[in-house]
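Participant: Sharing a structure with you now.
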Amino acid sequence: MGFPLPYPMRLALDLAAEAAAAGEVPVGAVIVRGDEVVAAAANAMCGGTDPTAHAEIEAIRAASARLGAQRLDDCDLYVTLEPCAMCAGAISHARLRRLYYGADDPKGGAVANGPRFFTQATCHHRPETYGGIGEGEASALLRDFFAARR
């Protein structure tokens, strides 16, 4: 039996499940500052006809608006799937302190896979990064979502 998930990851997984029910790829993201949830979002690309509406981008936009700041250096991001290159860039530019993610994404990820964005010399800010948080449930949501579409 594993450890209980941190509340922000539990919330991100719940948002991912809601996204799947709405026909979106099931990814959820939550930004916290201390014990406070600052922003929470899910993928919204289909519903908003916006290819940049990944959960991470939506959460960063909401957190920046709520806090009135472009830098979120005292905030942490929990997301159910390893961020892609676009989202890794946004995480770096937002100066998020820590990144916690669930499932690895060997095909589209850019943190532990692919370009490994945060290890590049051109990356100006590197958050502390922790993968595998809620990985089993996050992977199952994605697997079930795509299996239903085949």
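Ligands are numbered from 1 in the order shown, chains are lettered A, B, ... in the order of the structure tokens, and residues start at 1 in each chain.
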DSSP on the backbone: what in chain A comes out strand (DSSP E or B), as a list of chain:residue names?
Facilitator: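 Those residues are A:Gly28, A:Ala29, A:Val30, A:Ile31, A:Val32, A:Arg33, A:Glu36, A:Val37, A:Val38, A:Ala39, A:Ala40, A:Ala41, A:Ala42, A:Asp76, A:Leu77, A:Tyr78, A:Val79, A:Thr80, A:Leu81, A:Arg98, A:Leu99, A:Tyr100, A:Tyr101, A:Gly102, A:Ala103, A:Glu128, A:Thr129, A:Tyr130.
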Participant: Find the residues around segment 100-108 of chain A up to 8 Å (only C-alpha atoms counted), leave out those fewer than 6 positions away in its own chain, and share them as a ChimeraX atom specification.
Facilitator: /A:76-85,114,129-136,138-139
Participant: Can you tell me, as a VMD selection string, what residues are no more than 9 Å from segment 63-68 of chain A when counting only C-alpha atoms, ignoring any on the same chain fewer than 6 positions away?
Facilitator: chain A and resid 31 to 32 38 to 40 94
Participant: Which residue, A:Leu15, A:Cys75, A:Ile57, A:Ala148, has the smallest gap to Leu99 of chain A when you use only C-alpha atoms?
Facilitator: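 Checking each candidate against Leu99 of chain A, we get A:Cys75 as the closest.
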Participant: Excluding Leu96 of chain A and any residue of its chain fewer than 5 positions from it, enumerate the residues within 7 Å of it, using only C-alpha atoms, and give them as a ChimeraX atom specification.
Facilitator: /A:72-76,91,127
Participant: How would you write, as a PDB file with N, CA and C atoms, in the first residue's frame, the set of residues in chain A that DSSP gives as helix (DSSP H, G or I)?
Facilitator:
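New file part.pdb:
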ATOM      1  N   TYR A   7      -2.860  16.461  -1.453  1.00  0.00           N
ATOM      2  CA  TYR A   7      -4.150  17.014  -1.883  1.00  0.00           C
ATOM      3  C   TYR A   7      -4.092  17.656  -3.266  1.00  0.00           C
ATOM      4  N   PRO A   8      -3.079  18.455  -3.599  1.00  0.00           N
ATOM      5  CA  PRO A   8      -3.085  19.064  -4.933  1.00  0.00           C
ATOM      6  C   PRO A   8      -3.053  18.042  -6.070  1.00  0.00           C
ATOM      7  N   MET A   9      -2.359  16.922  -5.892  1.00  0.00           N
ATOM      8  CA  MET A   9      -2.350  15.906  -6.950  1.00  0.00           C
ATOM      9  C   MET A   9      -3.687  15.190  -7.014  1.00  0.00           C
ATOM     10  N   ARG A  10      -4.308  14.964  -5.871  1.00  0.00           N
ATOM     11  CA  ARG A  10      -5.645  14.359  -5.867  1.00  0.00           C
ATOM     12  C   ARG A  10      -6.608  15.252  -6.650  1.00  0.00           C
ATOM     13  N   LEU A  11      -6.537  16.565  -6.415  1.00  0.00           N
ATOM     14  CA  LEU A  11      -7.384  17.514  -7.126  1.00  0.00           C
ATOM     15  C   LEU A  11      -7.068  17.502  -8.620  1.00  0.00           C
ATOM     16  N   ALA A  12      -5.790  17.456  -8.983  1.00  0.00           N
ATOM     17  CA  ALA A  12      -5.395  17.410 -10.394  1.00  0.00           C
ATOM     18  C   ALA A  12      -5.940  16.151 -11.071  1.00  0.00           C
ATOM     19  N   LEU A  13      -5.888  15.016 -10.386  1.00  0.00           N
ATOM     20  CA  LEU A  13      -6.424  13.773 -10.944  1.00  0.00           C
ATOM     21  C   LEU A  13      -7.936  13.855 -11.119  1.00  0.00           C
ATOM     22  N   ASP A  14      -8.624  14.471 -10.176  1.00  0.00           N
ATOM     23  CA  ASP A  14     -10.070  14.659 -10.303  1.00  0.00           C
ATOM     24  C   ASP A  14     -10.398  15.556 -11.497  1.00  0.00           C
ATOM     25  N   LEU A  15      -9.611  16.602 -11.696  1.00  0.00           N
ATOM     26  CA  LEU A  15      -9.803  17.486 -12.854  1.00  0.00           C
ATOM     27  C   LEU A  15      -9.536  16.739 -14.158  1.00  0.00           C
ATOM     28  N   ALA A  16      -8.529  15.876 -14.148  1.00  0.00           N
ATOM     29  CA  ALA A  16      -8.223  15.078 -15.339  1.00  0.00           C
ATOM     30  C   ALA A  16      -9.400  14.162 -15.681  1.00  0.00           C
ATOM     31  N   ALA A  17     -10.002  13.554 -14.677  1.00  0.00           N
ATOM     32  CA  ALA A  17     -11.161  12.681 -14.911  1.00  0.00           C
ATOM     33  C   ALA A  17     -12.325  13.489 -15.484  1.00  0.00           C
ATOM     34  N   GLU A  18     -12.532  14.697 -14.986  1.00  0.00           N
ATOM     35  CA  GLU A  18     -13.586  15.566 -15.516  1.00  0.00           C
ATOM     36  C   GLU A  18     -13.293  15.942 -16.969  1.00  0.00           C
ATOM     37  N   ALA A  19     -12.022  16.193 -17.275  1.00  0.00           N
ATOM     38  CA  ALA A  19     -11.635  16.517 -18.653  1.00  0.00           C
ATOM     39  C   ALA A  19     -11.967  15.341 -19.572  1.00  0.00           C
ATOM     40  N   ALA A  20     -11.644  14.133 -19.137  1.00  0.00           N
ATOM     41  CA  ALA A  20     -11.937  12.947 -19.947  1.00  0.00           C
ATOM     42  C   ALA A  20     -13.432  12.837 -20.220  1.00  0.00           C
ATOM     43  N   ALA A  21     -14.250  13.072 -19.195  1.00  0.00           N
ATOM     44  CA  ALA A  21     -15.704  13.004 -19.359  1.00  0.00           C
ATOM     45  C   ALA A  21     -16.212  14.041 -20.359  1.00  0.00           C
ATOM     46  N   MET A  45      -8.383  22.174 -24.754  1.00  0.00           N
ATOM     47  CA  MET A  45      -8.056  22.435 -26.149  1.00  0.00           C
ATOM     48  C   MET A  45      -9.256  22.257 -27.066  1.00  0.00           C
ATOM     49  N   CYS A  46      -9.997  21.179 -26.890  1.00  0.00           N
ATOM     50  CA  CYS A  46     -11.132  20.910 -27.770  1.00  0.00           C
ATOM     51  C   CYS A  46     -12.269  21.900 -27.532  1.00  0.00           C
ATOM     52  N   GLY A  47     -12.626  22.063 -26.268  1.00  0.00           N
ATOM     53  CA  GLY A  47     -13.739  22.940 -25.924  1.00  0.00           C
ATOM     54  C   GLY A  47     -13.491  24.394 -26.273  1.00  0.00           C
ATOM     55  N   GLY A  48     -12.241  24.812 -26.189  1.00  0.00           N
ATOM     56  CA  GLY A  48     -11.917  26.197 -26.485  1.00  0.00           C
ATOM     57  C   GLY A  48     -11.285  26.402 -27.843  1.00  0.00           C
ATOM     58  N   ALA A  55      -3.485  21.952 -19.646  1.00  0.00           N
ATOM     59  CA  ALA A  55      -3.829  22.185 -18.243  1.00  0.00           C
ATOM     60  C   ALA A  55      -2.806  23.083 -17.551  1.00  0.00           C
ATOM     61  N   GLU A  56      -1.521  22.853 -17.813  1.00  0.00           N
ATOM     62  CA  GLU A  56      -0.473  23.651 -17.170  1.00  0.00           C
ATOM     63  C   GLU A  56      -0.573  25.128 -17.557  1.00  0.00           C
ATOM     64  N   ILE A  57      -0.766  25.378 -18.849  1.00  0.00           N
ATOM     65  CA  ILE A  57      -0.864  26.761 -19.344  1.00  0.00           C
ATOM     66  C   ILE A  57      -2.090  27.446 -18.744  1.00  0.00           C
ATOM     67  N   GLU A  58      -3.206  26.732 -18.730  1.00  0.00           N
ATOM     68  CA  GLU A  58      -4.436  27.300 -18.161  1.00  0.00           C
ATOM     69  C   GLU A  58      -4.245  27.630 -16.681  1.00  0.00           C
ATOM     70  N   ALA A  59      -3.590  26.739 -15.945  1.00  0.00           N
ATOM     71  CA  ALA A  59      -3.360  26.976 -14.511  1.00  0.00           C
ATOM     72  C   ALA A  59      -2.391  28.139 -14.300  1.00  0.00           C
ATOM     73  N   ILE A  60      -1.341  28.217 -15.103  1.00  0.00           N
ATOM     74  CA  ILE A  60      -0.385  29.328 -14.977  1.00  0.00           C
ATOM     75  C   ILE A  60      -1.071  30.653 -15.270  1.00  0.00           C
ATOM     76  N   ARG A  61      -1.877  30.702 -16.313  1.00  0.00           N
ATOM     77  CA  ARG A  61      -2.608  31.941 -16.647  1.00  0.00           C
ATOM     78  C   ARG A  61      -3.516  32.358 -15.486  1.00  0.00           C
ATOM     79  N   ALA A  62      -4.237  31.392 -14.935  1.00  0.00           N
ATOM     80  CA  ALA A  62      -5.165  31.698 -13.835  1.00  0.00           C
ATOM     81  C   ALA A  62      -4.409  32.139 -12.583  1.00  0.00           C
ATOM     82  N   ALA A  63      -3.317  31.474 -12.273  1.00  0.00           N
ATOM     83  CA  ALA A  63      -2.531  31.845 -11.084  1.00  0.00           C
ATOM     84  C   ALA A  63      -1.925  33.230 -11.245  1.00  0.00           C
ATOM     85  N   SER A  64      -1.385  33.518 -12.409  1.00  0.00           N
ATOM     86  CA  SER A  64      -0.803  34.844 -12.649  1.00  0.00           C
ATOM     87  C   SER A  64      -1.850  35.939 -12.536  1.00  0.00           C
ATOM     88  N   ALA A  65      -3.028  35.685 -13.095  1.00  0.00           N
ATOM     89  CA  ALA A  65      -4.111  36.671 -13.006  1.00  0.00           C
ATOM     90  C   ALA A  65      -4.549  36.858 -11.556  1.00  0.00           C
ATOM     91  N   ARG A  66      -4.703  35.765 -10.840  1.00  0.00           N
ATOM     92  CA  ARG A  66      -5.168  35.851  -9.450  1.00  0.00           C
ATOM     93  C   ARG A  66      -4.168  36.570  -8.558  1.00  0.00           C
ATOM     94  N   LEU A  67      -2.874  36.283  -8.761  1.00  0.00           N
ATOM     95  CA  LEU A  67      -1.843  36.875  -7.916  1.00  0.00           C
ATOM     96  C   LEU A  67      -1.321  38.206  -8.455  1.00  0.00           C
ATOM     97  N   ALA A  85       7.093  20.280 -24.247  1.00  0.00           N
ATOM     98  CA  ALA A  85       8.070  21.359 -24.393  1.00  0.00           C
ATOM     99  C   ALA A  85       7.425  22.731 -24.192  1.00  0.00           C
ATOM    100  N   MET A  86       6.224  22.933 -24.749  1.00  0.00           N
ATOM    101  CA  MET A  86       5.545  24.218 -24.593  1.00  0.00           C
ATOM    102  C   MET A  86       5.287  24.514 -23.111  1.00  0.00           C
ATOM    103  N   CYS A  87       4.788  23.517 -22.404  1.00  0.00           N
ATOM    104  CA  CYS A  87       4.459  23.715 -20.995  1.00  0.00           C
ATOM    105  C   CYS A  87       5.713  23.852 -20.140  1.00  0.00           C
ATOM    106  N   ALA A  88       6.756  23.093 -20.462  1.00  0.00           N
ATOM    107  CA  ALA A  88       8.021  23.230 -19.733  1.00  0.00           C
ATOM    108  C   ALA A  88       8.562  24.648 -19.891  1.00  0.00           C
ATOM    109  N   GLY A  89       8.462  25.193 -21.094  1.00  0.00           N
ATOM    110  CA  GLY A  89       8.888  26.575 -21.311  1.00  0.00           C
ATOM    111  C   GLY A  89       8.081  27.552 -20.478  1.00  0.00           C
ATOM    112  N   ALA A  90       6.777  27.350 -20.427  1.00  0.00           N
ATOM    113  CA  ALA A  90       5.920  28.227 -19.625  1.00  0.00           C
ATOM    114  C   ALA A  90       6.240  28.100 -18.139  1.00  0.00           C
ATOM    115  N   ILE A  91       6.504  26.886 -17.680  1.00  0.00           N
ATOM    116  CA  ILE A  91       6.869  26.657 -16.277  1.00  0.00           C
ATOM    117  C   ILE A  91       8.150  27.410 -15.947  1.00  0.00           C
ATOM    118  N   SER A  92       9.112  27.344 -16.844  1.00  0.00           N
ATOM    119  CA  SER A  92      10.379  28.046 -16.645  1.00  0.00           C
ATOM    120  C   SER A  92      10.168  29.557 -16.622  1.00  0.00           C
ATOM    121  N   HIS A  93       9.428  30.074 -17.600  1.00  0.00           N
ATOM    122  CA  HIS A  93       9.193  31.524 -17.655  1.00  0.00           C
ATOM    123  C   HIS A  93       8.393  32.027 -16.458  1.00  0.00           C
ATOM    124  N   ALA A  94       7.497  31.201 -15.944  1.00  0.00           N
ATOM    125  CA  ALA A  94       6.711  31.594 -14.768  1.00  0.00           C
ATOM    126  C   ALA A  94       7.523  31.483 -13.481  1.00  0.00           C
ATOM    127  N   PHE A 117      13.911  19.601 -21.280  1.00  0.00           N
ATOM    128  CA  PHE A 117      13.965  21.070 -21.345  1.00  0.00           C
ATOM    129  C   PHE A 117      14.772  21.715 -20.223  1.00  0.00           C
ATOM    130  N   PHE A 118      14.569  21.275 -19.004  1.00  0.00           N
ATOM    131  CA  PHE A 118      15.201  21.941 -17.865  1.00  0.00           C
ATOM    132  C   PHE A 118      16.705  21.680 -17.764  1.00  0.00           C
ATOM    133  N   THR A 119      17.216  20.731 -18.531  1.00  0.00           N
ATOM    134  CA  THR A 119      18.660  20.468 -18.525  1.00  0.00           C
ATOM    135  C   THR A 119      19.402  21.261 -19.594  1.00  0.00           C
ATOM    136  N   GLU A 135       1.263   8.282 -10.325  1.00  0.00           N
ATOM    137  CA  GLU A 135       1.525   7.781 -11.684  1.00  0.00           C
ATOM    138  C   GLU A 135       0.539   6.705 -12.127  1.00  0.00           C
ATOM    139  N   GLY A 136       0.233   5.764 -11.250  1.00  0.00           N
ATOM    140  CA  GLY A 136      -0.666   4.672 -11.632  1.00  0.00           C
ATOM    141  C   GLY A 136      -2.033   5.168 -12.053  1.00  0.00           C
ATOM    142  N   GLU A 137      -2.615   6.038 -11.263  1.00  0.00           N
ATOM    143  CA  GLU A 137      -3.950   6.550 -11.577  1.00  0.00           C
ATOM    144  C   GLU A 137      -3.920   7.454 -12.806  1.00  0.00           C
ATOM    145  N   ALA A 138      -2.889   8.288 -12.909  1.00  0.00           N
ATOM    146  CA  ALA A 138      -2.769   9.172 -14.072  1.00  0.00           C
ATOM    147  C   ALA A 138      -2.614   8.359 -15.350  1.00  0.00           C
ATOM    148  N   SER A 139      -1.786   7.334 -15.313  1.00  0.00           N
ATOM    149  CA  SER A 139      -1.587   6.472 -16.487  1.00  0.00           C
ATOM    150  C   SER A 139      -2.872   5.755 -16.868  1.00  0.00           C
ATOM    151  N   ALA A 140      -3.598   5.276 -15.868  1.00  0.00           N
ATOM    152  CA  ALA A 140      -4.849   4.565 -16.138  1.00  0.00           C
ATOM    153  C   ALA A 140      -5.876   5.479 -16.800  1.00  0.00           C
ATOM    154  N   LEU A 141      -5.975   6.714 -16.341  1.00  0.00           N
ATOM    155  CA  LEU A 141      -6.905   7.665 -16.963  1.00  0.00           C
ATOM    156  C   LEU A 141      -6.575   7.849 -18.440  1.00  0.00           C
ATOM    157  N   LEU A 142      -5.310   8.027 -18.740  1.00  0.00           N
ATOM    158  CA  LEU A 142      -4.887   8.230 -20.132  1.00  0.00           C
ATOM    159  C   LEU A 142      -5.102   6.970 -20.960  1.00  0.00           C
ATOM    160  N   ARG A 143      -4.713   5.827 -20.435  1.00  0.00           N
ATOM    161  CA  ARG A 143      -4.857   4.556 -21.146  1.00  0.00           C
ATOM    162  C   ARG A 143      -6.331   4.292 -21.473  1.00  0.00           C
ATOM    163  N   ASP A 144      -7.209   4.471 -20.480  1.00  0.00           N
ATOM    164  CA  ASP A 144      -8.638   4.231 -20.689  1.00  0.00           C
ATOM    165  C   ASP A 144      -9.225   5.229 -21.693  1.00  0.00           C
ATOM    166  N   PHE A 145      -8.809   6.467 -21.609  1.00  0.00           N
ATOM    167  CA  PHE A 145      -9.302   7.500 -22.519  1.00  0.00           C
ATOM    168  C   PHE A 145      -8.976   7.146 -23.962  1.00  0.00           C
ATOM    169  N   PHE A 146      -7.724   6.801 -24.227  1.00  0.00           N
ATOM    170  CA  PHE A 146      -7.321   6.513 -25.599  1.00  0.00           C
ATOM    171  C   PHE A 146      -7.813   5.164 -26.076  1.00  0.00           C
ATOM    172  N   ALA A 147      -7.947   4.188 -25.184  1.00  0.00           N
ATOM    173  CA  ALA A 147      -8.495   2.878 -25.563  1.00  0.00           C
ATOM    174  C   ALA A 147      -9.945   3.014 -26.046  1.00  0.00           C
TER     175      ALA A 147
END
Participant: Which distance in Å separates atom CA of Arg98 of chain A and atom CA of Gly34 of chain A, to one decimal?
Facilitator: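 Taking atom CA of Arg98 of chain A and atom CA of Gly34 of chain A, their separation equals 11.6 Å.
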Participant: Work out how far atom CA of Ala41 of chain A is from atom CA of Gly28 of chain A, in Å to one decimal.
Facilitator: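 Separation between atom CA of Gly28 of chain A and atom CA of Ala41 of chain A: 5.8 Å.
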Participant: Which residue out of A:Gln120, A:Gln70, A:Asn113, A:Thr49 has the minimum interatomic distance to Arg95 of chain A when only C-alpha atoms are used?
Facilitator: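 Of A:Gln120, A:Gln70, A:Asn113, A:Thr49, the one nearest Arg95 of chain A, counting only C-alpha atoms, is A:Gln70.
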Participant: Expressed in Å to a single decimal, how great is the separation between atom CA of Val25 of chain A and atom CA of Ala44 of chain A?
Facilitator: 8.5 Å
Participant: May I ask which of the residues A:Gly109, A:Glu24, A:Pro4, A:Glu36 is the closest one to Pro51 of chain A, counting only C-alpha atoms?
Facilitator: A:Glu24
